[in-house]
Amino acid sequence: MGPISVIAKREVGSYFDSLIAYIIIVAFLGFTGFFTWLYGSDIFMRKQADLAAFFGVARWTLFFFIPAITMRQLAEEKKTGTIELLLTKAVSERQIILGKFLSCLAMVGLALLFTLPYYITVSQLGDVDHGAIISGYFGLLLMSAAYISIGLFASSITNNQIVAFLLALFISIFFQILFDVMGSSSSGFIAELLTTLSLSRHYDSIVRGVLDSKDIIYFVSLTLFWLLLAELNIKQRK
Amino acid sequence: MDIKIQQLSKSYGLQKAVDNISFEVKPGEILGFLGPNGAGKTTTMKMITNYLEIEKGDILIGGESVKAGDLKRHIGYLPEHNPLYLDMPVLDYLEFCAALQGMDKGTIPHRIREMVRQCGLDQEKHKFIRELSKGYRQRVGLAQAMIHDPEVLILDEPTTGLDPNQIVEIRELIKRLGKAKTVILSTHILPEVEATCDRILIINKGKIVADGSPELLRKQAQGQQVLRVKIEDGETNTIYQKLQGLPTVGMVDILDAAENRFEVQSVSDQSSNRAIFDLCVSNKWLLSEVIPFETKLEDIFRDLTMN
């Protein structure tokens with residue numbers, strides 16, 4: 001077992017030991033379930049057998065939940081000093097970051113796995129575009145990866161979990177909505193740049209069932225960018 | 001593997017934490033790293049373990065620089081405040097550390113059993129670390145440092161928080177392990193270095209101020225022989241004058257006039273034992289106490305680190 005999986009395994013175990021995992025999963029299912037099936041423009045209002053309502057609400061739910069998952073990752077290690085223990089073992093900074101990234105992604109993946117009954121139910125109700133739903137889930141995972149890396153970065157620059165949480169939300173909100181808003185109120189090159197940076201545009205096109213390499217490259221590079229910053233951050237100890 | 005520290009320097013802002021120090025530690029040697037708070041002990045140890053960046057100079061372990069970062073597998077490290085994952089059970093934690101050090105999966109359970117036995121954790125091994133007392137946490141810290149059987153052990157204050165029995169046990173353990181390994185341990189408990197270490201290195205304000213075996217340091221600091229004597233049956237002033245009159249005696253102090261206790265300091269390289277004895281015999285005094293006064297490590301330490 002490589003060090004990355006050793007770290008990821010420990011982190012996932014610690015989420016379950018501390019009940020965070022159960023709370024996150026139950027709350028995620030409660031939120032998305034309520035808005036998908038019971039309230040607002042839910043599936044029955046749309047009169048269409050698709051999961052657009054779910055993908056709409058899951059985007060916002062994960063937006064708030066992911067910083068809650070990532071905030072403790074490095075901030076707590078720095079506060080309790082266990083980061084010193086980790087870094088003096090035979091592992092590199094990159095392996096630590098990747099291990100923690102994978103553990104968070106596994107948590108999100110698990111929460112999404114529990115929404116599979118939604119998919120099964122909807123597919124019983126009518127004719128479902130399976131491709132769109134699969135690419136929707138794929139889009140959710142890509143978006144989560146990007147927000148997890150932002151969360152890890154925020155957690156790497158402070159040893160206070162609350163600061164990490166708020167900072168992650170602050171950075172994420174730009175990608176979630178602000179770049180989009182700013183882009184549509186400006187013009188020319190800046191408008192184009194801001195809309196390209198906006199995460200929601202790329203997410204929406206994937207959820208519509210269009211798997212464009214441009215969108216995938218966007219998510220992957222966004223994720224790598226913040227992970228790299230997080231890695232540089234914990235490398236920097238004078 | 002030997003450790004070679006070459007002209008190592010490190011500063012925090014304007015303050016020099018470690019100032020151009022060089023020393024070597026050979027395999028089988030236990031080096032006691034002494035110094036007042038803030039002397040640079042922990043900083044040096046953190047640089048050896050590659051946790052802190054080396055500013056100037058170099059540290060070679062087994063001939064290779066630690067800067068490359070791939071020597072960590074050979075080092076066992078117990079950091080100063082012994083940080084641990086409190087939410088993990090002892091056994092899981094040790095397994096985690098062993099796996100991180102890249103140990104072969106088949107050998108891990110055996111190694112964990114051995115460390116649990118050596119560190120006396122058998123009663124506590126199924127508990128969560130947060131449930132353990134400070135002493136047991138310290139043992140877990142030692143166990144994780146040694147789990148992968150490293151050739152170099154860096155222990156930052158390994159016996160803090162242990163009760164006297166545990167301290168003796170842990171010292172024995174370090175001594176036993178130290179026969180085959182290269183060990184650096186820092187402490188501010190002076191009897192501990194005397195009991196455990198082959199060699200003492202005292203640093204102050206980032207500089208090495210003493211280096212040698214405990215006996216050597218004591219000899220260097222001692223200089224003249226000092227005896228504490230108690231002489232009965234005589235009159236205090238007479239005894240004082242006669243003692244002062246002896247050719248080998250440099251200085252006499254009256255410690256307790258009512259009980260006739262004196263402190264006799266000989267002139268350099270001379271012993272006054274015989275002269276004092278003969279003096280008492282010829283005056284028919286009873287020499288009831290002669291205590292050679294040893295310079296304690298505490299005094300050496302204070303001399304070297306107070307300005």
# chains A, B, ... in the order shown; residues from 1 in each chain; ligands from 1
>>> interface_residues(of="chain B", to="chain A", cutoff="10 Å", atoms="only C-alpha atoms", output="MDAnalysis selection string")
chainID B and resid 10:12 46 48:55 69:88 92:93 95:105 141 144:145
>>> residues_around(residues="stretch 13-15 of chain B", least_positions_apart="3", cutoff="12 Å", atoms="only C-alpha atoms", output="JSON, numbers by chain")
{"A": [238], "B": [9, 10, 18, 19, 38, 39, 40, 205, 206]}
>>> residues_around(residues="B:Ala143", least_positions_apart="6", cutoff="10 Å", atoms="only C-alpha atoms", output="MDAnalysis selection string")
chainID B and resid 76 78 90 94 97 112 114:121 137 149
>>> write_last_selection(atoms="N, CA, C and O atoms", output="CSV table (one decimal), in the first residue's frame")
chain,number,residue,atom,x,y,z
B,76,GLY,N,14.0,7.7,13.2
B,76,GLY,CA,12.9,7.7,14.1
B,76,GLY,C,12.9,9.0,14.9
B,76,GLY,O,13.9,9.4,15.5
B,78,LEU,N,10.9,11.5,17.7
B,78,LEU,CA,9.9,11.9,18.7
B,78,LEU,C,9.9,13.4,18.9
B,78,LEU,O,10.8,13.9,19.5
B,90,VAL,N,-4.5,2.9,19.9
B,90,VAL,CA,-3.0,2.8,19.9
B,90,VAL,C,-2.6,1.8,18.8
B,90,VAL,O,-1.7,2.2,18.0
B,94,LEU,N,-0.2,2.8,15.5
B,94,LEU,CA,1.1,2.2,15.3
B,94,LEU,C,1.2,1.6,13.9
B,94,LEU,O,2.2,1.7,13.2
B,97,CYS,N,1.6,4.4,11.3
B,97,CYS,CA,3.0,4.9,11.3
B,97,CYS,C,3.9,3.9,10.6
B,97,CYS,O,4.7,4.3,9.8
B,112,ILE,N,4.7,-4.5,15.6
B,112,ILE,CA,3.8,-3.8,16.6
B,112,ILE,C,3.8,-4.5,17.9
B,112,ILE,O,3.9,-3.9,19.0
B,114,GLU,N,6.0,-6.3,19.2
B,114,GLU,CA,7.3,-6.1,19.9
B,114,GLU,C,7.4,-4.7,20.5
B,114,GLU,O,7.8,-4.6,21.7
B,115,MET,N,6.9,-3.7,19.8
B,115,MET,CA,7.0,-2.3,20.3
B,115,MET,C,6.1,-2.2,21.5
B,115,MET,O,6.4,-1.5,22.5
B,116,VAL,N,4.9,-2.8,21.4
B,116,VAL,CA,3.9,-2.7,22.5
B,116,VAL,C,4.5,-3.4,23.8
B,116,VAL,O,4.4,-2.8,24.9
B,117,ARG,N,5.2,-4.5,23.6
B,117,ARG,CA,5.9,-5.1,24.7
B,117,ARG,C,7.0,-4.3,25.3
B,117,ARG,O,7.1,-4.0,26.5
B,118,GLN,N,7.9,-3.8,24.4
B,118,GLN,CA,9.0,-3.0,24.8
B,118,GLN,C,8.7,-1.7,25.5
B,118,GLN,O,9.3,-1.3,26.5
B,119,CYS,N,7.6,-1.1,25.0
B,119,CYS,CA,7.2,0.2,25.6
B,119,CYS,C,6.2,0.1,26.7
B,119,CYS,O,5.7,1.1,27.2
B,120,GLY,N,5.9,-1.2,27.1
B,120,GLY,CA,4.9,-1.4,28.2
B,120,GLY,C,3.5,-0.9,27.9
B,120,GLY,O,2.9,-0.3,28.8
B,121,LEU,N,3.0,-1.1,26.7
B,121,LEU,CA,1.7,-0.6,26.4
B,121,LEU,C,0.6,-1.7,26.3
B,121,LEU,O,-0.5,-1.5,25.9
B,137,ARG,N,1.0,8.2,26.7
B,137,ARG,CA,1.1,8.9,25.4
B,137,ARG,C,2.5,9.0,25.0
B,137,ARG,O,2.9,8.8,23.8
B,149,ASP,N,12.2,0.3,13.2
B,149,ASP,CA,13.6,-0.1,13.5
B,149,ASP,C,14.6,0.8,12.8
B,149,ASP,O,15.5,0.3,12.1
>>> residues_around(residues="A:Tyr137", least_positions_apart="3", cutoff="9 Å", atoms="only C-alpha atoms", output="tab-separated table (two decimals) with C-alpha atoms, in the first residue's frame")
chain	number	residue	atom	x	y	z
A	55	PHE	CA	-28.25	18.37	-10.05
A	112	LEU	CA	-23.49	10.70	-4.15
A	132	ALA	CA	-27.32	12.94	-19.27
A	133	ILE	CA	-27.62	11.50	-15.78
A	134	ILE	CA	-24.26	9.75	-15.91
A	140	LEU	CA	-20.77	16.72	-9.74
A	141	LEU	CA	-17.62	14.74	-9.05
A	142	LEU	CA	-15.48	17.10	-11.13
A	207	VAL	CA	-25.05	18.36	-16.69
>>> closest_residue(among="A:Ile96, A:Ala8, A:Leu38, A:Ile148", to="A:Leu224", atoms="only C-alpha atoms")
A:Ile148
>>> residues_around(residues="A:Ile23", least_positions_apart="5", cutoff="12 Å", atoms="only C-alpha atoms", output="list in words")
Tyr15, Phe16, Asp17, Ser18, Phe28, Leu29, Gly30, Phe31, Phe65, Ala68, Ile69, Met107 and Ala111 of chain A
>>> closest_residue(among="B:Arg218, B:His126, B:Arg274, B:Lys207", to="B:Ile300", atoms="only C-alpha atoms")
B:Arg218
>>> residues_around(residues="stretch 172-184 of chain A", least_positions_apart="4", cutoff="6 Å", atoms="only C-alpha atoms", output="list of chain:residue names")
A:Ala168, A:Ala191, A:Leu194, A:Thr195, A:Ser198, A:Leu199, A:Ser200
>>> write_last_selection(atoms="C-alpha atoms", output="PDB file, in the first residue's frame")
ATOM      1  CA  ALA A 168     -12.839  28.165   1.269  1.00  0.00           C
ATOM      2  CA  ALA A 191     -16.148  39.244 -20.012  1.00  0.00           C
ATOM      3  CA  LEU A 194     -14.561  35.770 -16.425  1.00  0.00           C
ATOM      4  CA  THR A 195     -17.111  33.507 -18.047  1.00  0.00           C
ATOM      5  CA  SER A 198     -16.877  30.585 -14.018  1.00  0.00           C
ATOM      6  CA  LEU A 199     -17.390  27.066 -12.780  1.00  0.00           C
ATOM      7  CA  SER A 200     -21.155  27.092 -13.221  1.00  0.00           C
TER       8      SER A 200
END
>>> select_by_dssp(residues="stretch 26-81 of chain B", states="strand (DSSP E)", output="list in words")
Ile30, Leu31, Gly32, Phe33, Leu34, Lys56, Gly57, Asp58, Ile59, Leu60, Ile61, Glu64, Ser65, Ile75, Gly76, Tyr77 and Leu78 of chain B
>>> residues_around(residues="B:Leu255", least_positions_apart="2", cutoff="12 Å", atoms="only C-alpha atoms", output="PyMOL selection string")
chain B and resi 227-231+236+240+252-253+257-264
>>> closest_residue(among="B:Glu298, B:Asp2, B:Glu192, B:Asp233", to="B:Ile167", atoms="only C-alpha atoms")
B:Glu192
>>> closest_residue(among="B:Glu232, B:Val226, B:Asn237, B:Leu60", to="B:Ser272", atoms="only C-alpha atoms")
B:Val226
>>> atom_distance(atom1="atom CA of B:Ile184", atom2="atom CA of B:Lys67")
18.8 Å
>>> select_by_dssp(residues="stretch 181-293 of chain B", states="alpha helix (DSSP H)", output="number ranges by chain")
B: 190-196, 214-222, 236-245, 273-283
>>> decode(residues="stretch 242-255 of chain B", atoms="N, CA, C and O atoms", output="PDB file, in the first residue's frame")
ATOM      1  N   LYS B 242      44.859  25.856  62.262  1.00  0.00           N
ATOM      2  CA  LYS B 242      45.786  24.773  61.923  1.00  0.00           C
ATOM      3  C   LYS B 242      45.522  24.249  60.515  1.00  0.00           C
ATOM      4  O   LYS B 242      46.442  23.924  59.775  1.00  0.00           O
ATOM      5  N   LEU B 243      44.188  24.164  60.145  1.00  0.00           N
ATOM      6  CA  LEU B 243      43.855  23.710  58.787  1.00  0.00           C
ATOM      7  C   LEU B 243      44.422  24.676  57.760  1.00  0.00           C
ATOM      8  O   LEU B 243      45.025  24.287  56.765  1.00  0.00           O
ATOM      9  N   GLN B 244      44.260  25.940  58.060  1.00  0.00           N
ATOM     10  CA  GLN B 244      44.734  26.968  57.137  1.00  0.00           C
ATOM     11  C   GLN B 244      46.256  26.921  57.000  1.00  0.00           C
ATOM     12  O   GLN B 244      46.802  27.238  55.953  1.00  0.00           O
ATOM     13  N   GLY B 245      46.905  26.440  58.087  1.00  0.00           N
ATOM     14  CA  GLY B 245      48.365  26.371  58.073  1.00  0.00           C
ATOM     15  C   GLY B 245      48.932  25.229  57.255  1.00  0.00           C
ATOM     16  O   GLY B 245      50.127  25.213  56.947  1.00  0.00           O
ATOM     17  N   LEU B 246      48.100  24.263  56.878  1.00  0.00           N
ATOM     18  CA  LEU B 246      48.615  23.112  56.117  1.00  0.00           C
ATOM     19  C   LEU B 246      49.105  23.563  54.738  1.00  0.00           C
ATOM     20  O   LEU B 246      48.460  24.390  54.095  1.00  0.00           O
ATOM     21  N   PRO B 247      50.245  23.004  54.284  1.00  0.00           N
ATOM     22  CA  PRO B 247      50.821  23.463  53.010  1.00  0.00           C
ATOM     23  C   PRO B 247      49.952  23.167  51.782  1.00  0.00           C
ATOM     24  O   PRO B 247      49.984  23.926  50.818  1.00  0.00           O
ATOM     25  N   THR B 248      49.177  22.070  51.825  1.00  0.00           N
ATOM     26  CA  THR B 248      48.385  21.718  50.630  1.00  0.00           C
ATOM     27  C   THR B 248      47.046  22.448  50.573  1.00  0.00           C
ATOM     28  O   THR B 248      46.338  22.359  49.583  1.00  0.00           O
ATOM     29  N   VAL B 249      46.715  23.153  51.669  1.00  0.00           N
ATOM     30  CA  VAL B 249      45.378  23.748  51.724  1.00  0.00           C
ATOM     31  C   VAL B 249      45.392  25.176  51.201  1.00  0.00           C
ATOM     32  O   VAL B 249      46.259  25.965  51.566  1.00  0.00           O
ATOM     33  N   GLY B 250      44.458  25.468  50.326  1.00  0.00           N
ATOM     34  CA  GLY B 250      44.393  26.806  49.782  1.00  0.00           C
ATOM     35  C   GLY B 250      43.495  27.705  50.606  1.00  0.00           C
ATOM     36  O   GLY B 250      43.867  28.809  50.981  1.00  0.00           O
ATOM     37  N   MET B 251      42.289  27.211  50.869  1.00  0.00           N
ATOM     38  CA  MET B 251      41.312  28.063  51.530  1.00  0.00           C
ATOM     39  C   MET B 251      40.435  27.219  52.438  1.00  0.00           C
ATOM     40  O   MET B 251      40.087  26.090  52.116  1.00  0.00           O
ATOM     41  N   VAL B 252      40.084  27.763  53.592  1.00  0.00           N
ATOM     42  CA  VAL B 252      39.186  27.048  54.501  1.00  0.00           C
ATOM     43  C   VAL B 252      37.986  27.932  54.802  1.00  0.00           C
ATOM     44  O   VAL B 252      38.128  29.120  55.027  1.00  0.00           O
ATOM     45  N   ASP B 253      36.826  27.321  54.781  1.00  0.00           N
ATOM     46  CA  ASP B 253      35.602  28.039  55.135  1.00  0.00           C
ATOM     47  C   ASP B 253      34.981  27.370  56.341  1.00  0.00           C
ATOM     48  O   ASP B 253      34.965  26.143  56.404  1.00  0.00           O
ATOM     49  N   ILE B 254      34.463  28.135  57.266  1.00  0.00           N
ATOM     50  CA  ILE B 254      33.728  27.521  58.370  1.00  0.00           C
ATOM     51  C   ILE B 254      32.273  27.416  57.949  1.00  0.00           C
ATOM     52  O   ILE B 254      31.624  28.427  57.661  1.00  0.00           O
ATOM     53  N   LEU B 255      31.793  26.177  57.862  1.00  0.00           N
ATOM     54  CA  LEU B 255      30.406  25.986  57.442  1.00  0.00           C
ATOM     55  C   LEU B 255      29.482  26.086  58.640  1.00  0.00           C
ATOM     56  O   LEU B 255      28.388  26.620  58.553  1.00  0.00           O
TER      57      LEU B 255
END
